[in-house]
Amino acid sequence: MGMKNFKKKLRDFVYGKPHRERRLGDLYEPKTGLYKHREWRGIKDTMYYFNRIWLYNYGMMVYDVMRYGGVVNFMKGVWRYRWIGQTYLTVMHWYDRGFEGLRGPALAASAWHYRAMTSETIRQFMRMFSADANLRGGKRNELWQKTIAHDETVAGAIFYPWRDRIDDVPLQMVPYFFTWHVTWHTVLHYIDAVQSIGLPGDPCPMCQAEAGLSVLDDMPDYFPFLITSNEACDGSVGTSILQDWAYDKPLFAMPQPMQFDDPLVQEHCRREIEECWKFIEEQTGLPFDYDCFVKYIERYNELTRFEHEKWDVAANSPYYPLCGSAQALYRIYYSQAGWRDIWAQTDKRVKKILHKCVERKINCFPETRHRVIAWSCAPLYYSFWPTWAYNCWGLYTVINMDSLMFDIDMRTDTPEHLMEDFTLYNEWAPMRRMAVGGYKHIFELWENMERFHCDMVMMYDQIQCKGMQGITGMFEDEFRKRNIHAIWMPHALPDSRTVSRAEIRSKINDYMFTVMHEEPLDPTLLDFDDSLGW
Amino acid sequence: MKKAKKILFTVLGGAAALYAGLFAVFYFDLDGKFLYHVVEPFLCRHYDKIERRDISKVPYDVDKYPEYEYKT
């Protein structure tokens with residue numbers, strides 16, 4: 001080995017290999033996606049990953065389980081419910097896939113977001129298990145009485161007026177929504193279950209899987225009543241019916257209007273919310289607490305303000321330290337769940353990292369060739385595709401459609417102002433705000449491209465979403481007219497059997513080769529088999 | 001004093017060995033391999049055997065609860 005070669009190897013050992021020499025695809029074992037060994041990122045970043053992410057998060061997971069209900073409850077839950085045992089034990093691999101190739105502040109900031117989501121997930125399932133009558137021979141304890149269940153698409157903010165006295169846990173956020181990000185295998189059981197009782201296979205697979213949890217009898221019995229929604233679309237109405245049948249408990253269906261621009265709809269939506277609150281009062285015997293409502297709204301407003309600060313940096317500088325998947329998942333998770341202390345703690349940590357990057361002008365994604373905006377609803381079994389796309393092609397995903405939901409700083413000066421804004425907030429839910437809110441809202445893509453200085457669109461093509469299918473042609477026309485590079489990414493939301501991850505990658509590869517005439521930054525990532533991976 | 005030093009070195013040595021062992025688990029993805037090849041198949045076999053309620057045999061009584069309409 002020559003001196004030059006030795007110096008190069010030493011430099012790679014100390015600082016990690018430069019982006020174009022990493023050959024990340026060589027790290028995978030065939031099919032399973034397991035690593036022959038985890039990536040060596042240089043001494044500093046490898047030790048950061050080992051100490052502050054891998055060890056820290058394993059430790060904090062145990063700590064969270066202990067403080068939210070204890071190991072016995074946890075083990076009982078793991079033994080009873082497939083979605084916990086088959087999914088969440090493997091959570092550190094979800095971190096690995098999201099953070100491949102990341103260095104320095106990007107690694108740290110993204111990991112804090114994942115840590116927050118993990119902690120909130122543990123809080124939710126531990127509350128379920130602690131209150132679960134299924135794990136107690138049908139006996140309903142005090143926590144069971146004090147837990148409200150709601151569809152994951154009903155905003156957690158609806159329950160702020162009671163949050164100091166009782167808690168709310170969404171039905172499917174953890175058993176369904178988060179499972180597919182961590183392990184895509186689990187959710188297939190629920191899709192198959194709902195079709196096994198005779199339902200057709202072509203409705204939205206999200207609604208199928210949500211309903212499948214109750215069909216397969218894999219949902220904890222942790223609540224005396226539930227609140228459901230028609231959000232994101234009429235598929236969710238079908239879910240509510242199946243839930244009503246399966247759970248056999250008092251149920252309030254709180255629709256969220258689609259054409260929310262109409263002022264008359266605002267009034268109607270406000271009444272729906274107030275009716276829901278009456279229902280909660282009646283079921284719990286606990287009166288609505290306006291001060292408590294305002295307190296949590298104001299706390300949540302702080303999160304929104306920091307989100308705006310993050311968007312400002314992301315839009316106007318290369319110093320934004322978040323990978324696309326961390327940005328997108330964290331935003332949809334916390335905005336849907338509503339205020340929790342873990343979000344505030346995380347934002348405080350990330351703010352320090354963000355400010356450091358701006359002050360020191362640290363470009364966290366220096367190999368960016370194209371700034372991408374991702375639009376419509378995402379392939380959630382491949383929510384870490386932005387990490388792959390950056391490592392392979394230099395496509396950096398700056399923002400995505402669902403992150404722009406719930407985007408309102410609510411006024412709390414008078415009850416009237418608060419209710420006006422809160423009604424709008426409730427209407428601006430994920431997928432509702434743009435995807436099902438009328439064509440002029442889905443076309444807000446153009447102004448957001450300008451706002452975030454993006455030069456490329458990753459256009460999600462959820463092939464079982466009838467609403468979005470209806471507007472495909474109009475998008476094609478607009479892309480041509482505006483001369484915008486847009487890659488159509490086919491997917492089937494949670495069902496990776498319909499469109500695989502490998503097929504998604506091949507679509508992007510084809511576009512980058514044949515239309516953009518570009519060469520990959522890391523050719524080992526072009527084509528690999530992860531068909532049996534998590 | 002000598003004994004204290006010995007205990008100290010034993011504890012530090014043990015901690016260093018544990019740390020090195022954990023680093024090996026981390027670096028070679030042994031946690032992932034163990035979960036993939038051992039834990040997950042074991043749990044999945046268990047989940048497949050759980051007796052579950054057959055929802056198609058549960059009657060759906062749509063009129064069991066009131067309509068929950070309120071004046072606001």
# chains A, B, ... in the order shown; residues from 1 in each chain; ligands from 1
$ interface_residues --of "chain B" --to "chain A" --cutoff "9 Å" --atoms "only C-alpha atoms" --output "count of residues only"
40
$ select_by_dssp --residues "stretch 135-361 of chain A" --states "alpha helix (DSSP H)" --output "PyMOL selection string"
chain A and resi 142-145+179-182+185-196+205-215+234-247+263-284+290-316+324-337+341-359
$ residues_around --residues "A:Leu521" --least-positions-apart "5" --cutoff "10 Å" --atoms "only C-alpha atoms" --output "ChimeraX atom specification"
/A:19-23,367,389-394,526
$ write_last_selection --atoms "N, CA and C atoms" --output "short mmCIF file (atom, residue, chain, number, x, y, z; two decimals), in the first residue's frame"
data_model
loop_
_atom_site.label_atom_id
_atom_site.label_comp_id
_atom_site.auth_asym_id
_atom_site.auth_seq_id
_atom_site.Cartn_x
_atom_site.Cartn_y
_atom_site.Cartn_z
N HIS A 19 -19.05 11.62 -0.43
CA HIS A 19 -20.35 11.10 -0.87
C HIS A 19 -20.25 10.12 -2.04
N ARG A 20 -19.49 10.48 -3.06
CA ARG A 20 -19.48 9.67 -4.29
C ARG A 20 -18.67 8.38 -4.16
N GLU A 21 -18.01 8.20 -3.03
CA GLU A 21 -17.21 6.96 -2.86
C GLU A 21 -17.83 6.02 -1.83
N ARG A 22 -19.02 6.33 -1.35
CA ARG A 22 -19.54 5.57 -0.20
C ARG A 22 -20.03 4.17 -0.54
N ARG A 23 -20.60 3.99 -1.69
CA ARG A 23 -21.14 2.69 -2.13
C ARG A 23 -22.05 2.09 -1.06
N GLU A 367 -24.46 17.88 -1.67
CA GLU A 367 -24.51 17.26 -3.01
C GLU A 367 -25.86 17.46 -3.69
N ALA A 389 -33.07 8.96 -2.38
CA ALA A 389 -32.99 9.83 -3.57
C ALA A 389 -31.84 10.83 -3.45
N TYR A 390 -31.59 11.31 -2.23
CA TYR A 390 -30.46 12.23 -2.05
C TYR A 390 -29.14 11.48 -2.22
N ASN A 391 -29.02 10.31 -1.57
CA ASN A 391 -27.76 9.57 -1.65
C ASN A 391 -27.46 9.10 -3.07
N CYS A 392 -28.51 8.69 -3.78
CA CYS A 392 -28.30 8.12 -5.12
C CYS A 392 -28.18 9.22 -6.19
N TRP A 393 -29.06 10.22 -6.11
CA TRP A 393 -29.16 11.17 -7.22
C TRP A 393 -28.94 12.64 -6.85
N GLY A 394 -28.80 12.93 -5.57
CA GLY A 394 -28.69 14.34 -5.17
C GLY A 394 -30.01 15.08 -5.23
N LEU A 526 -28.66 2.16 -7.25
CA LEU A 526 -29.62 2.17 -8.35
C LEU A 526 -30.60 1.01 -8.27
#
$ select_by_dssp --residues "stretch 330-523 of chain A" --states "strand (DSSP E or B)" --output "ChimeraX atom specification"
/A:370-375,395-400,456-462,485-491
$ residues_around --residues "stretch 258-267 of chain A" --least-positions-apart "6" --cutoff "9 Å" --atoms "only C-alpha atoms" --output "ChimeraX atom specification"
/A:231,233,420,423-424,427-428,432-433,436-438
$ write_last_selection --atoms "N, CA and C atoms" --output "short mmCIF file (atom, residue, chain, number, x, y, z; two decimals), in the first residue's frame"
data_model
loop_
_atom_site.label_atom_id
_atom_site.label_comp_id
_atom_site.auth_asym_id
_atom_site.auth_seq_id
_atom_site.Cartn_x
_atom_site.Cartn_y
_atom_site.Cartn_z
N GLU A 231 -62.63 11.99 7.37
CA GLU A 231 -61.35 12.44 6.83
C GLU A 231 -60.44 11.23 6.65
N CYS A 233 -61.32 10.81 3.27
CA CYS A 233 -62.30 10.77 2.19
C CYS A 233 -63.43 9.83 2.59
N GLU A 420 -63.29 30.72 15.23
CA GLU A 420 -63.13 30.92 13.78
C GLU A 420 -61.87 30.21 13.28
N THR A 423 -61.89 26.29 13.76
CA THR A 423 -62.71 25.62 12.73
C THR A 423 -61.90 25.43 11.46
N LEU A 424 -61.20 26.50 11.07
CA LEU A 424 -60.36 26.42 9.87
C LEU A 424 -59.24 25.40 10.06
N GLU A 427 -60.40 22.03 9.53
CA GLU A 427 -60.66 21.73 8.11
C GLU A 427 -59.37 21.52 7.32
N TRP A 428 -58.29 22.11 7.83
CA TRP A 428 -57.03 22.03 7.09
C TRP A 428 -56.22 20.81 7.52
N ARG A 432 -56.99 16.62 3.46
CA ARG A 432 -58.19 17.42 3.26
C ARG A 432 -57.85 18.83 2.77
N ARG A 433 -56.82 19.44 3.34
CA ARG A 433 -56.50 20.83 3.04
C ARG A 433 -56.26 21.04 1.54
N VAL A 436 -58.18 16.85 -1.08
CA VAL A 436 -59.62 16.68 -1.28
C VAL A 436 -60.35 18.00 -1.10
N GLY A 437 -59.61 19.09 -1.11
CA GLY A 437 -60.23 20.39 -0.81
C GLY A 437 -60.61 21.18 -2.04
N GLY A 438 -60.68 20.55 -3.18
CA GLY A 438 -61.01 21.28 -4.40
C GLY A 438 -59.76 21.47 -5.25
#
$ atom_distance --atom1 "atom CA of A:Val237" --atom2 "atom CA of A:Met468"
18.0 Å
$ residues_around --residues "stretch 63-71 of chain A" --least-positions-apart "6" --cutoff "9 Å" --atoms "only C-alpha atoms" --output "list of chain:residue names"
A:Ser119, A:Ile122, A:Arg123, A:Gln124, A:Met126, A:Arg127, A:Phe129, A:Ser130
$ residues_around --residues "A:Asp164" --least-positions-apart "4" --cutoff "12 Å" --atoms "only C-alpha atoms" --output "list in words"
Lys146, Thr147, Phe159, Tyr160, Asp168, Leu286, Phe288, Asp289, Tyr290, Asp291, Cys292, Phe293, Lys295, Tyr296 and Arg340 of chain A
$ closest_residue --among "A:Cys465, A:Met173, A:Ala326, A:Met117" --to "A:Met61" --atoms "only C-alpha atoms"
A:Met117
$ atom_distance --atom1 "atom CA of A:Trp446" --atom2 "atom CA of A:Phe479"
9.7 Å
$ atom_distance --atom1 "atom CA of A:Leu493" --atom2 "atom CA of A:Cys377"
7.7 Å
$ residues_around --residues "A:Asn230" --least-positions-apart "5" --cutoff "8 Å" --atoms "only C-alpha atoms" --output "PyMOL selection string"
chain A and resi 235-237+240+253-256
